[in-house]
>>> print(open('target_4.pdb').read())   # PDB, C-alpha atoms
ATOM      1  CA  TYR A   1      20.942 -85.855  25.080  1.00  0.00           C
ATOM      2  CA  GLN A   2      23.263 -86.923  27.908  1.00  0.00           C
ATOM      3  CA  ARG A   3      25.150 -89.129  25.484  1.00  0.00           C
ATOM      4  CA  ARG A   4      25.609 -86.167  23.168  1.00  0.00           C
ATOM      5  CA  VAL A   5      26.911 -83.991  25.997  1.00  0.00           C
ATOM      6  CA  HIS A   6      29.207 -86.798  27.078  1.00  0.00           C
ATOM      7  CA  GLY A   7      30.350 -87.215  23.493  1.00  0.00           C
ATOM      8  CA  MET A   8      30.995 -83.473  23.200  1.00  0.00           C
ATOM      9  CA  PHE A   9      33.135 -83.496  26.356  1.00  0.00           C
ATOM     10  CA  VAL A  10      35.083 -86.493  25.084  1.00  0.00           C
ATOM     11  CA  LEU A  11      35.521 -84.825  21.678  1.00  0.00           C
ATOM     12  CA  MET A  12      36.811 -81.607  23.280  1.00  0.00           C
ATOM     13  CA  HIS A  13      39.210 -83.515  25.509  1.00  0.00           C
ATOM     14  CA  ALA A  14      40.441 -85.647  22.607  1.00  0.00           C
ATOM     15  CA  SER A  15      40.831 -82.646  20.305  1.00  0.00           C
ATOM     16  CA  VAL A  16      42.983 -80.877  22.913  1.00  0.00           C
ATOM     17  CA  GLY A  17      45.130 -84.026  23.086  1.00  0.00           C
ATOM     18  CA  GLN A  18      45.491 -84.074  19.317  1.00  0.00           C
ATOM     19  CA  ALA A  19      46.354 -80.385  19.245  1.00  0.00           C
ATOM     20  CA  SER A  20      48.957 -80.974  21.969  1.00  0.00           C
ATOM     21  CA  ASN A  21      50.553 -83.752  19.888  1.00  0.00           C
ATOM     22  CA  LYS A  22      50.602 -81.483  16.844  1.00  0.00           C
ATOM     23  CA  MET A  23      52.154 -78.698  18.922  1.00  0.00           C
ATOM     24  CA  LEU A  24      54.813 -81.144  20.134  1.00  0.00           C
ATOM     25  CA  LEU A  25      55.681 -82.105  16.564  1.00  0.00           C
ATOM     26  CA  GLU A  26      55.665 -78.589  15.149  1.00  0.00           C
ATOM     27  CA  LEU A  27      56.947 -76.447  18.021  1.00  0.00           C
ATOM     28  CA  ARG A  28      58.730 -79.030  20.181  1.00  0.00           C
ATOM     29  CA  ARG A  29      56.645 -77.938  23.181  1.00  0.00           C
ATOM     30  CA  THR A  30      54.904 -80.374  25.454  1.00  0.00           C
ATOM     31  CA  ASN A  31      51.373 -79.800  26.734  1.00  0.00           C
ATOM     32  CA  TYR A  32      49.931 -82.465  29.027  1.00  0.00           C
ATOM     33  CA  VAL A  33      46.245 -83.425  28.782  1.00  0.00           C
ATOM     34  CA  THR A  34      45.180 -85.418  31.820  1.00  0.00           C
ATOM     35  CA  PRO A  35      41.938 -86.898  33.172  1.00  0.00           C
ATOM     36  CA  THR A  36      42.034 -84.111  35.769  1.00  0.00           C
ATOM     37  CA  ASN A  37      41.579 -81.612  32.933  1.00  0.00           C
ATOM     38  CA  TYR A  38      38.503 -83.536  31.829  1.00  0.00           C
ATOM     39  CA  LEU A  39      37.062 -83.554  35.334  1.00  0.00           C
ATOM     40  CA  GLU A  40      37.721 -79.816  35.693  1.00  0.00           C
ATOM     41  CA  LEU A  41      35.811 -79.244  32.445  1.00  0.00           C
ATOM     42  CA  VAL A  42      32.836 -81.235  33.732  1.00  0.00           C
ATOM     43  CA  THR A  43      32.960 -79.506  37.142  1.00  0.00           C
ATOM     44  CA  MET A  44      33.084 -76.082  35.525  1.00  0.00           C
ATOM     45  CA  TYR A  45      30.084 -76.965  33.363  1.00  0.00           C
ATOM     46  CA  VAL A  46      28.095 -78.234  36.364  1.00  0.00           C
ATOM     47  CA  LYS A  47      28.827 -75.020  38.319  1.00  0.00           C
ATOM     48  CA  LEU A  48      27.836 -72.877  35.354  1.00  0.00           C
ATOM     49  CA  LEU A  49      24.619 -74.862  34.879  1.00  0.00           C
ATOM     50  CA  GLU A  50      23.701 -74.604  38.580  1.00  0.00           C
ATOM     51  CA  GLY A  51      24.365 -70.863  38.572  1.00  0.00           C
ATOM     52  CA  LYS A  52      22.166 -70.316  35.536  1.00  0.00           C
ATOM     53  CA  ARG A  53      19.376 -72.431  37.030  1.00  0.00           C
ATOM     54  CA  ALA A  54      19.507 -70.438  40.280  1.00  0.00           C
ATOM     55  CA  GLU A  55      19.517 -67.146  38.375  1.00  0.00           C
ATOM     56  CA  LEU A  56      16.510 -68.160  36.266  1.00  0.00           C
ATOM     57  CA  GLY A  57      14.716 -69.421  39.375  1.00  0.00           C
ATOM     58  CA  ASP A  58      15.242 -66.073  41.130  1.00  0.00           C
ATOM     59  CA  GLN A  59      13.973 -64.192  38.096  1.00  0.00           C
ATOM     60  CA  CYS A  60      10.895 -66.417  37.916  1.00  0.00           C
ATOM     61  CA  ASP A  61      10.219 -65.818  41.626  1.00  0.00           C
ATOM     62  CA  LYS A  62      10.517 -62.046  41.166  1.00  0.00           C
ATOM     63  CA  LEU A  63       8.189 -62.124  38.191  1.00  0.00           C
ATOM     64  CA  GLN A  64       5.636 -64.246  40.038  1.00  0.00           C
ATOM     65  CA  SER A  65       5.803 -62.000  43.102  1.00  0.00           C
ATOM     66  CA  GLY A  66       5.327 -58.851  41.016  1.00  0.00           C
ATOM     67  CA  LEU A  67       2.401 -60.332  39.111  1.00  0.00           C
ATOM     68  CA  SER A  68       0.786 -61.538  42.333  1.00  0.00           C
ATOM     69  CA  LYS A  69       1.102 -58.109  43.949  1.00  0.00           C
ATOM     70  CA  LEU A  70      -0.241 -56.435  40.844  1.00  0.00           C
ATOM     71  CA  GLU A  71      -3.240 -58.788  40.709  1.00  0.00           C
ATOM     72  CA  ASP A  72      -3.999 -58.309  44.423  1.00  0.00           C
ATOM     73  CA  THR A  73      -3.778 -54.540  44.118  1.00  0.00           C
ATOM     74  CA  LYS A  74      -5.900 -54.558  40.973  1.00  0.00           C
ATOM     75  CA  ASN A  75      -8.622 -56.536  42.757  1.00  0.00           C
ATOM     76  CA  ALA A  76      -8.504 -54.197  45.765  1.00  0.00           C
ATOM     77  CA  VAL A  77      -8.720 -51.102  43.563  1.00  0.00           C
ATOM     78  CA  GLN A  78     -11.639 -52.578  41.596  1.00  0.00           C
ATOM     79  CA  SER A  79     -13.495 -53.374  44.805  1.00  0.00           C
ATOM     80  CA  MET A  80     -12.891 -49.909  46.235  1.00  0.00           C
ATOM     81  CA  THR A  81     -13.877 -48.261  42.943  1.00  0.00           C
ATOM     82  CA  THR A  82     -17.138 -50.208  42.920  1.00  0.00           C
ATOM     83  CA  ASN A  83     -17.851 -49.200  46.518  1.00  0.00           C
ATOM     84  CA  LEU A  84     -16.984 -45.578  45.744  1.00  0.00           C
ATOM     85  CA  GLU A  85     -19.349 -45.569  42.771  1.00  0.00           C
ATOM     86  CA  VAL A  86     -22.188 -46.968  44.891  1.00  0.00           C
ATOM     87  CA  GLN A  87     -21.532 -44.379  47.579  1.00  0.00           C
ATOM     88  CA  ARG A  88     -21.387 -41.582  44.986  1.00  0.00           C
ATOM     89  CA  LYS A  89     -24.773 -42.643  43.641  1.00  0.00           C
ATOM     90  CA  ALA A  90     -26.137 -42.678  47.190  1.00  0.00           C
ATOM     91  CA  LEU A  91     -24.668 -39.213  47.772  1.00  0.00           C
ATOM     92  CA  THR A  92     -26.160 -37.881  44.530  1.00  0.00           C
ATOM     93  CA  GLN A  93     -29.528 -39.335  45.426  1.00  0.00           C
ATOM     94  CA  ALA A  94     -29.284 -37.853  48.919  1.00  0.00           C
ATOM     95  CA  GLU A  95     -28.475 -34.445  47.436  1.00  0.00           C
ATOM     96  CA  VAL A  96     -31.423 -34.711  45.034  1.00  0.00           C
ATOM     97  CA  ASP A  97     -33.633 -35.754  47.923  1.00  0.00           C
ATOM     98  CA  CYS A  98     -32.308 -32.846  49.994  1.00  0.00           C
ATOM     99  CA  ASP A  99     -32.994 -30.356  47.205  1.00  0.00           C
ATOM    100  CA  ALA A 100     -36.496 -31.713  46.655  1.00  0.00           C
ATOM    101  CA  LEU A 101     -37.212 -31.585  50.379  1.00  0.00           C
ATOM    102  CA  LEU A 102     -35.942 -28.004  50.622  1.00  0.00           C
ATOM    103  CA  ASN A 103     -38.281 -26.993  47.754  1.00  0.00           C
ATOM    104  CA  ILE A 104     -41.230 -28.607  49.513  1.00  0.00           C
ATOM    105  CA  ILE A 105     -40.291 -26.891  52.764  1.00  0.00           C
ATOM    106  CA  THR A 106     -40.103 -23.507  51.017  1.00  0.00           C
ATOM    107  CA  GLN A 107     -43.562 -23.974  49.449  1.00  0.00           C
ATOM    108  CA  GLU A 108     -45.071 -25.124  52.745  1.00  0.00           C
ATOM    109  CA  LYS A 109     -43.497 -22.137  54.526  1.00  0.00           C
ATOM    110  CA  ARG A 110     -45.356 -19.787  52.184  1.00  0.00           C
ATOM    111  CA  VAL A 111     -48.595 -21.637  52.783  1.00  0.00           C
ATOM    112  CA  ALA A 112     -48.477 -21.915  56.585  1.00  0.00           C
ATOM    113  CA  ASP A 113     -46.321 -20.139  59.119  1.00  0.00           C
ATOM    114  CA  GLU A 114     -47.508 -22.469  61.860  1.00  0.00           C
ATOM    115  CA  LYS A 115     -45.419 -25.332  60.380  1.00  0.00           C
ATOM    116  CA  ARG A 116     -42.168 -23.395  60.839  1.00  0.00           C
ATOM    117  CA  ALA A 117     -41.000 -25.604  63.718  1.00  0.00           C
ATOM    118  CA  GLN A 118     -41.451 -28.714  61.591  1.00  0.00           C
ATOM    119  CA  VAL A 119     -39.548 -27.104  58.718  1.00  0.00           C
ATOM    120  CA  GLU A 120     -36.582 -26.286  61.001  1.00  0.00           C
ATOM    121  CA  ALA A 121     -36.470 -29.874  62.233  1.00  0.00           C
ATOM    122  CA  ASP A 122     -36.439 -31.123  58.635  1.00  0.00           C
ATOM    123  CA  LYS A 123     -33.564 -28.757  57.780  1.00  0.00           C
ATOM    124  CA  VAL A 124     -31.487 -30.131  60.665  1.00  0.00           C
ATOM    125  CA  LYS A 125     -32.239 -33.693  59.541  1.00  0.00           C
ATOM    126  CA  ILE A 126     -31.246 -32.907  55.963  1.00  0.00           C
ATOM    127  CA  ALA A 127     -28.002 -31.284  57.091  1.00  0.00           C
ATOM    128  CA  ARG A 128     -27.153 -34.377  59.155  1.00  0.00           C
ATOM    129  CA  GLU A 129     -27.841 -36.681  56.208  1.00  0.00           C
ATOM    130  CA  LYS A 130     -25.700 -34.528  53.979  1.00  0.00           C
ATOM    131  CA  GLU A 131     -22.826 -34.630  56.509  1.00  0.00           C
ATOM    132  CA  ILE A 132     -23.134 -38.405  56.771  1.00  0.00           C
ATOM    133  CA  ALA A 133     -23.137 -38.728  52.975  1.00  0.00           C
ATOM    134  CA  ASN A 134     -20.077 -36.431  52.726  1.00  0.00           C
ATOM    135  CA  ALA A 135     -18.318 -38.442  55.452  1.00  0.00           C
ATOM    136  CA  ILE A 136     -19.005 -41.680  53.537  1.00  0.00           C
ATOM    137  CA  ALA A 137     -17.665 -40.130  50.338  1.00  0.00           C
ATOM    138  CA  GLN A 138     -14.550 -38.852  52.158  1.00  0.00           C
ATOM    139  CA  GLU A 139     -13.916 -42.296  53.707  1.00  0.00           C
ATOM    140  CA  ALA A 140     -14.208 -43.966  50.300  1.00  0.00           C
ATOM    141  CA  GLN A 141     -11.772 -41.437  48.816  1.00  0.00           C
ATOM    142  CA  THR A 142      -9.310 -42.047  51.683  1.00  0.00           C
ATOM    143  CA  ASP A 143      -9.467 -45.828  51.114  1.00  0.00           C
ATOM    144  CA  LEU A 144      -8.798 -45.314  47.423  1.00  0.00           C
ATOM    145  CA  GLU A 145      -5.789 -43.093  48.183  1.00  0.00           C
ATOM    146  CA  LYS A 146      -4.404 -45.759  50.542  1.00  0.00           C
ATOM    147  CA  ALA A 147      -4.663 -48.405  47.807  1.00  0.00           C
ATOM    148  CA  MET A 148      -2.862 -46.343  45.166  1.00  0.00           C
ATOM    149  CA  PRO A 149       0.655 -46.742  46.701  1.00  0.00           C
ATOM    150  CA  GLU A 150       0.215 -50.534  46.642  1.00  0.00           C
ATOM    151  CA  LEU A 151      -0.722 -50.402  42.978  1.00  0.00           C
ATOM    152  CA  GLU A 152       2.290 -48.204  42.211  1.00  0.00           C
ATOM    153  CA  ALA A 153       4.593 -50.532  44.216  1.00  0.00           C
ATOM    154  CA  ALA A 154       3.373 -53.538  42.234  1.00  0.00           C
ATOM    155  CA  GLN A 155       3.971 -51.681  38.978  1.00  0.00           C
ATOM    156  CA  GLN A 156       7.494 -50.732  40.116  1.00  0.00           C
ATOM    157  CA  ALA A 157       8.208 -54.413  40.942  1.00  0.00           C
ATOM    158  CA  LEU A 158       7.343 -55.343  37.367  1.00  0.00           C
ATOM    159  CA  LEU A 159       9.576 -52.570  36.022  1.00  0.00           C
ATOM    160  CA  THR A 160      12.646 -54.295  37.533  1.00  0.00           C
ATOM    161  CA  LEU A 161      12.259 -57.099  35.003  1.00  0.00           C
ATOM    162  CA  LYS A 162      14.102 -56.626  31.750  1.00  0.00           C
ATOM    163  CA  LYS A 163      13.149 -57.879  28.337  1.00  0.00           C
ATOM    164  CA  ALA A 164      16.473 -59.699  28.195  1.00  0.00           C
ATOM    165  CA  ASP A 165      15.514 -61.681  31.314  1.00  0.00           C
ATOM    166  CA  ILE A 166      12.291 -62.869  29.737  1.00  0.00           C
ATOM    167  CA  ASP A 167      13.944 -63.518  26.373  1.00  0.00           C
ATOM    168  CA  GLU A 168      16.614 -65.636  28.055  1.00  0.00           C
ATOM    169  CA  MET A 169      13.943 -67.730  29.750  1.00  0.00           C
ATOM    170  CA  LYS A 170      12.070 -68.162  26.483  1.00  0.00           C
ATOM    171  CA  ALA A 171      15.254 -69.206  24.722  1.00  0.00           C
ATOM    172  CA  TYR A 172      15.549 -72.424  26.755  1.00  0.00           C
ATOM    173  CA  LYS A 173      12.293 -73.900  25.449  1.00  0.00           C
ATOM    174  CA  ALA A 174      14.067 -75.422  22.444  1.00  0.00           C
ATOM    175  CA  PRO A 175      17.783 -75.435  23.278  1.00  0.00           C
ATOM    176  CA  PRO A 176      20.525 -75.853  20.692  1.00  0.00           C
ATOM    177  CA  GLU A 177      21.987 -79.311  20.150  1.00  0.00           C
ATOM    178  CA  GLN A 178      25.246 -78.349  21.874  1.00  0.00           C
ATOM    179  CA  VAL A 179      23.355 -77.305  24.990  1.00  0.00           C
ATOM    180  CA  GLN A 180      21.416 -80.564  24.941  1.00  0.00           C
ATOM    181  CA  THR A 181      24.678 -82.478  24.536  1.00  0.00           C
ATOM    182  CA  VAL A 182      26.275 -80.690  27.474  1.00  0.00           C
ATOM    183  CA  MET A 183      23.138 -81.187  29.572  1.00  0.00           C
ATOM    184  CA  GLY A 184      23.169 -84.871  28.743  1.00  0.00           C
ATOM    185  CA  ALA A 185      26.721 -85.155  30.073  1.00  0.00           C
ATOM    186  CA  VAL A 186      25.801 -83.328  33.244  1.00  0.00           C
ATOM    187  CA  CYS A 187      22.781 -85.560  33.744  1.00  0.00           C
ATOM    188  CA  THR A 188      25.000 -88.609  33.226  1.00  0.00           C
ATOM    189  CA  VAL A 189      27.429 -87.365  35.861  1.00  0.00           C
ATOM    190  CA  LEU A 190      24.554 -86.584  38.243  1.00  0.00           C
ATOM    191  CA  LYS A 191      22.806 -89.888  37.397  1.00  0.00           C
ATOM    192  CA  LYS A 192      19.615 -88.070  36.374  1.00  0.00           C
ATOM    193  CA  PRO A 193      17.298 -88.858  33.443  1.00  0.00           C
ATOM    194  CA  PRO A 194      18.281 -86.952  30.298  1.00  0.00           C
ATOM    195  CA  THR A 195      15.142 -84.812  29.866  1.00  0.00           C
ATOM    196  CA  TRP A 196      14.979 -81.052  29.218  1.00  0.00           C
ATOM    197  CA  ASP A 197      12.030 -80.675  31.636  1.00  0.00           C
TER     198      ASP A 197
END
>>> encode(input="target_4.pdb", output="structure tokens")
Amino acid sequence: YQRRVHGMFVLMHASVGQASNKMLLELRRTNYVTPTNYLELVTMYVKLLEGKRAELGDQCDKLQSGLSKLEDTKNAVQSMTTNLEVQRKALTQAEVDCDALLNIITQEKRVADEKRAQVEADKVKIAREKEIANAIAQEAQTDLEKAMPELEAAQQALLTLKKADIDEMKAYKAPPEQVQTVMGAVCTVLKKPPTWD
């Protein structure tokens, strides 16, 4: 496609020359078309192409960064949610165990007053286990609350992307013939192979 771009540049330059000749004949005004004009056209195209490539590269980097943050946060939240669920089950089981143990203690208290000291010791043990289970549940909840701002930050990073940005990137998969022609000329000037990749 470099030849086509080169041909397009030559055609534009030649058509301006022809229009200048026609203007000279019809209006008696002279307009000079020089090789410098041609070089300025090529230079302007190269600058425009480099700017667009840099802009698309920045947008791709932002998109990749946002997706990476979102994936990392998602994995962290899933891990913490799994841990929280396990700890909730342990807490529920501990509460069930505590309730069952309290029922047994109440029945044994009715049967024998001499075991009162043992019952009091069991109550203290149960209270400690319940505090430990509540502390574990609180710690898991705190970890989950710490992870939520990271998830929200990753979602906000994705919100900075616009549909137009993505559409513009998609549009260059099969460029128009004029774009290929211009790219071919640029590649010829830069001595690069004329491929779209």
>>> resolve_selection(input="target_4.pdb", expression="the PyMOL selection byres ((chain A and resi 13-20) around 7)", output="ChimeraX atom specification")
/A:9-12,21-24,30-31,33,38
>>> closest_residue(input="target_4.pdb", among="A:Tyr32, A:Thr73, A:Leu91, A:Val5", to="Ala135 (chain A)", atoms="only C-alpha atoms")
A:Leu91
>>> atom_distance(input="target_4.pdb", atom1="CA of Asp72 (chain A)", atom2="CA of Met148 (chain A)")
12.0 Å
>>> atom_distance(input="target_4.pdb", atom1="CA of Thr181 (chain A)", atom2="CA of Met44 (chain A)")
15.2 Å
>>> closest_residue(input="target_4.pdb", among="A:Glu150, A:Glu108, A:Glu50, A:Asp122", to="Asn75 (chain A)", atoms="only C-alpha atoms")
A:Glu150
>>> resolve_selection(input="target_4.pdb", expression="the PyMOL selection byres ((chain A and resi 80) around 9)", output="PyMOL selection string")
chain A and resi 75-79+81-85+140-141+143-144+147
>>> residues_around(input="target_4.pdb", residues="Glu120 (chain A)", least_positions_apart="4", cutoff="12 Å", atoms="all atoms listed in the file", output="ChimeraX atom specification")
/A:101-102,105-106,108-109,113-116,124-127
>>> closest_residue(input="target_4.pdb", among="A:Lys123, A:Arg28, A:Gln118, A:Arg128", to="Ala100 (chain A)", atoms="all atoms listed in the file")
A:Lys123
>>> residues_around(input="target_4.pdb", residues="Thr188 (chain A)", least_positions_apart="2", cutoff="12 Å", atoms="all atoms listed in the file", output="ChimeraX atom specification")
/A:1-7,9,42,46,181-186,190-195
>>> write_last_selection(input="target_4.pdb", atoms="C-alpha atoms", output="PDB file, keeping the file's coordinate frame")
ATOM      1  CA  TYR A   1      20.942 -85.855  25.080  1.00  0.00           C
ATOM      2  CA  GLN A   2      23.263 -86.923  27.908  1.00  0.00           C
ATOM      3  CA  ARG A   3      25.150 -89.129  25.484  1.00  0.00           C
ATOM      4  CA  ARG A   4      25.609 -86.167  23.168  1.00  0.00           C
ATOM      5  CA  VAL A   5      26.911 -83.991  25.997  1.00  0.00           C
ATOM      6  CA  HIS A   6      29.207 -86.798  27.078  1.00  0.00           C
ATOM      7  CA  GLY A   7      30.350 -87.215  23.493  1.00  0.00           C
ATOM      8  CA  PHE A   9      33.135 -83.496  26.356  1.00  0.00           C
ATOM      9  CA  VAL A  42      32.836 -81.235  33.732  1.00  0.00           C
ATOM     10  CA  VAL A  46      28.095 -78.234  36.364  1.00  0.00           C
ATOM     11  CA  THR A 181      24.678 -82.478  24.536  1.00  0.00           C
ATOM     12  CA  VAL A 182      26.275 -80.690  27.474  1.00  0.00           C
ATOM     13  CA  MET A 183      23.138 -81.187  29.572  1.00  0.00           C
ATOM     14  CA  GLY A 184      23.169 -84.871  28.743  1.00  0.00           C
ATOM     15  CA  ALA A 185      26.721 -85.155  30.073  1.00  0.00           C
ATOM     16  CA  VAL A 186      25.801 -83.328  33.244  1.00  0.00           C
ATOM     17  CA  LEU A 190      24.554 -86.584  38.243  1.00  0.00           C
ATOM     18  CA  LYS A 191      22.806 -89.888  37.397  1.00  0.00           C
ATOM     19  CA  LYS A 192      19.615 -88.070  36.374  1.00  0.00           C
ATOM     20  CA  PRO A 193      17.298 -88.858  33.443  1.00  0.00           C
ATOM     21  CA  PRO A 194      18.281 -86.952  30.298  1.00  0.00           C
ATOM     22  CA  THR A 195      15.142 -84.812  29.866  1.00  0.00           C
TER      23      THR A 195
END
>>> atom_distance(input="target_4.pdb", atom1="CA of Arg110 (chain A)", atom2="CA of Val96 (chain A)")
21.6 Å
>>> residues_around(input="target_4.pdb", residues="Ala137 (chain A)", least_positions_apart="4", cutoff="7 Å", atoms="all atoms listed in the file", output="list in words")
Gln87, Arg88, Ala133 and Gln141 of chain A
>>> closest_residue(input="target_4.pdb", among="A:Ala164, A:Ala121, A:Lys130, A:Asp58", to="Cys98 (chain A)", atoms="all atoms listed in the file")
A:Lys130
>>> closest_residue(input="target_4.pdb", among="A:Ser65, A:Thr36, A:Asn103, A:Gln93", to="Glu129 (chain A)", atoms="all atoms listed in the file")
A:Gln93
>>> decode(input="target_4.pdb", residues="region 120-140 of chain A", atoms="N, CA, C and O atoms", output="PDB file, in the first residue's frame")
ATOM      1  N   GLU A 120     -19.646 -23.422  85.530  1.00  0.00           N
ATOM      2  CA  GLU A 120     -19.141 -22.043  85.413  1.00  0.00           C
ATOM      3  C   GLU A 120     -17.889 -21.987  84.533  1.00  0.00           C
ATOM      4  O   GLU A 120     -17.725 -21.063  83.743  1.00  0.00           O
ATOM      5  N   ALA A 121     -17.041 -22.975  84.685  1.00  0.00           N
ATOM      6  CA  ALA A 121     -15.829 -23.027  83.842  1.00  0.00           C
ATOM      7  C   ALA A 121     -16.200 -23.181  82.366  1.00  0.00           C
ATOM      8  O   ALA A 121     -15.599 -22.564  81.483  1.00  0.00           O
ATOM      9  N   ASP A 122     -17.218 -24.040  82.114  1.00  0.00           N
ATOM     10  CA  ASP A 122     -17.651 -24.226  80.719  1.00  0.00           C
ATOM     11  C   ASP A 122     -18.246 -22.934  80.145  1.00  0.00           C
ATOM     12  O   ASP A 122     -18.060 -22.626  78.970  1.00  0.00           O
ATOM     13  N   LYS A 123     -18.988 -22.189  80.976  1.00  0.00           N
ATOM     14  CA  LYS A 123     -19.560 -20.923  80.498  1.00  0.00           C
ATOM     15  C   LYS A 123     -18.465 -19.949  80.090  1.00  0.00           C
ATOM     16  O   LYS A 123     -18.571 -19.263  79.070  1.00  0.00           O
ATOM     17  N   VAL A 124     -17.411 -19.861  80.916  1.00  0.00           N
ATOM     18  CA  VAL A 124     -16.298 -18.956  80.593  1.00  0.00           C
ATOM     19  C   VAL A 124     -15.638 -19.381  79.283  1.00  0.00           C
ATOM     20  O   VAL A 124     -15.320 -18.553  78.417  1.00  0.00           O
ATOM     21  N   LYS A 125     -15.451 -20.685  79.117  1.00  0.00           N
ATOM     22  CA  LYS A 125     -14.833 -21.205  77.890  1.00  0.00           C
ATOM     23  C   LYS A 125     -15.692 -20.876  76.663  1.00  0.00           C
ATOM     24  O   LYS A 125     -15.192 -20.455  75.619  1.00  0.00           O
ATOM     25  N   ILE A 126     -16.985 -21.057  76.810  1.00  0.00           N
ATOM     26  CA  ILE A 126     -17.896 -20.769  75.691  1.00  0.00           C
ATOM     27  C   ILE A 126     -17.869 -19.288  75.340  1.00  0.00           C
ATOM     28  O   ILE A 126     -17.852 -18.908  74.161  1.00  0.00           O
ATOM     29  N   ALA A 127     -17.848 -18.439  76.364  1.00  0.00           N
ATOM     30  CA  ALA A 127     -17.806 -16.994  76.107  1.00  0.00           C
ATOM     31  C   ALA A 127     -16.531 -16.613  75.371  1.00  0.00           C
ATOM     32  O   ALA A 127     -16.548 -15.788  74.449  1.00  0.00           O
ATOM     33  N   ARG A 128     -15.400 -17.222  75.761  1.00  0.00           N
ATOM     34  CA  ARG A 128     -14.133 -16.951  75.080  1.00  0.00           C
ATOM     35  C   ARG A 128     -14.194 -17.374  73.614  1.00  0.00           C
ATOM     36  O   ARG A 128     -13.747 -16.656  72.723  1.00  0.00           O
ATOM     37  N   GLU A 129     -14.742 -18.574  73.374  1.00  0.00           N
ATOM     38  CA  GLU A 129     -14.847 -19.057  71.994  1.00  0.00           C
ATOM     39  C   GLU A 129     -15.749 -18.152  71.149  1.00  0.00           C
ATOM     40  O   GLU A 129     -15.460 -17.892  69.988  1.00  0.00           O
ATOM     41  N   LYS A 130     -16.805 -17.679  71.778  1.00  0.00           N
ATOM     42  CA  LYS A 130     -17.704 -16.787  71.062  1.00  0.00           C
ATOM     43  C   LYS A 130     -17.007 -15.463  70.728  1.00  0.00           C
ATOM     44  O   LYS A 130     -17.161 -14.913  69.635  1.00  0.00           O
ATOM     45  N   GLU A 131     -16.222 -14.936  71.671  1.00  0.00           N
ATOM     46  CA  GLU A 131     -15.469 -13.697  71.417  1.00  0.00           C
ATOM     47  C   GLU A 131     -14.457 -13.895  70.307  1.00  0.00           C
ATOM     48  O   GLU A 131     -14.299 -13.037  69.430  1.00  0.00           O
ATOM     49  N   ILE A 132     -13.785 -15.039  70.333  1.00  0.00           N
ATOM     50  CA  ILE A 132     -12.793 -15.334  69.279  1.00  0.00           C
ATOM     51  C   ILE A 132     -13.495 -15.428  67.921  1.00  0.00           C
ATOM     52  O   ILE A 132     -13.022 -14.872  66.920  1.00  0.00           O
ATOM     53  N   ALA A 133     -14.639 -16.123  67.904  1.00  0.00           N
ATOM     54  CA  ALA A 133     -15.381 -16.259  66.641  1.00  0.00           C
ATOM     55  C   ALA A 133     -15.866 -14.895  66.149  1.00  0.00           C
ATOM     56  O   ALA A 133     -15.791 -14.586  64.955  1.00  0.00           O
ATOM     57  N   ASN A 134     -16.338 -14.041  67.078  1.00  0.00           N
ATOM     58  CA  ASN A 134     -16.776 -12.688  66.687  1.00  0.00           C
ATOM     59  C   ASN A 134     -15.601 -11.851  66.192  1.00  0.00           C
ATOM     60  O   ASN A 134     -15.738 -11.076  65.243  1.00  0.00           O
ATOM     61  N   ALA A 135     -14.435 -12.018  66.842  1.00  0.00           N
ATOM     62  CA  ALA A 135     -13.241 -11.278  66.402  1.00  0.00           C
ATOM     63  C   ALA A 135     -12.831 -11.706  64.995  1.00  0.00           C
ATOM     64  O   ALA A 135     -12.454 -10.880  64.159  1.00  0.00           O
ATOM     65  N   ILE A 136     -12.910 -13.004  64.716  1.00  0.00           N
ATOM     66  CA  ILE A 136     -12.570 -13.515  63.374  1.00  0.00           C
ATOM     67  C   ILE A 136     -13.536 -12.944  62.342  1.00  0.00           C
ATOM     68  O   ILE A 136     -13.137 -12.501  61.259  1.00  0.00           O
ATOM     69  N   ALA A 137     -14.824 -12.940  62.696  1.00  0.00           N
ATOM     70  CA  ALA A 137     -15.825 -12.399  61.766  1.00  0.00           C
ATOM     71  C   ALA A 137     -15.601 -10.909  61.535  1.00  0.00           C
ATOM     72  O   ALA A 137     -15.714 -10.417  60.401  1.00  0.00           O
ATOM     73  N   GLN A 138     -15.257 -10.164  62.588  1.00  0.00           N
ATOM     74  CA  GLN A 138     -15.009  -8.724  62.456  1.00  0.00           C
ATOM     75  C   GLN A 138     -13.782  -8.469  61.580  1.00  0.00           C
ATOM     76  O   GLN A 138     -13.763  -7.557  60.747  1.00  0.00           O
ATOM     77  N   GLU A 139     -12.727  -9.272  61.762  1.00  0.00           N
ATOM     78  CA  GLU A 139     -11.505  -9.116  60.963  1.00  0.00           C
ATOM     79  C   GLU A 139     -11.791  -9.376  59.483  1.00  0.00           C
ATOM     80  O   GLU A 139     -11.322  -8.639  58.610  1.00  0.00           O
ATOM     81  N   ALA A 140     -12.589 -10.424  59.215  1.00  0.00           N
ATOM     82  CA  ALA A 140     -12.938 -10.724  57.826  1.00  0.00           C
ATOM     83  C   ALA A 140     -13.750  -9.585  57.213  1.00  0.00           C
ATOM     84  O   ALA A 140     -13.544  -9.198  56.058  1.00  0.00           O
TER      85      ALA A 140
END
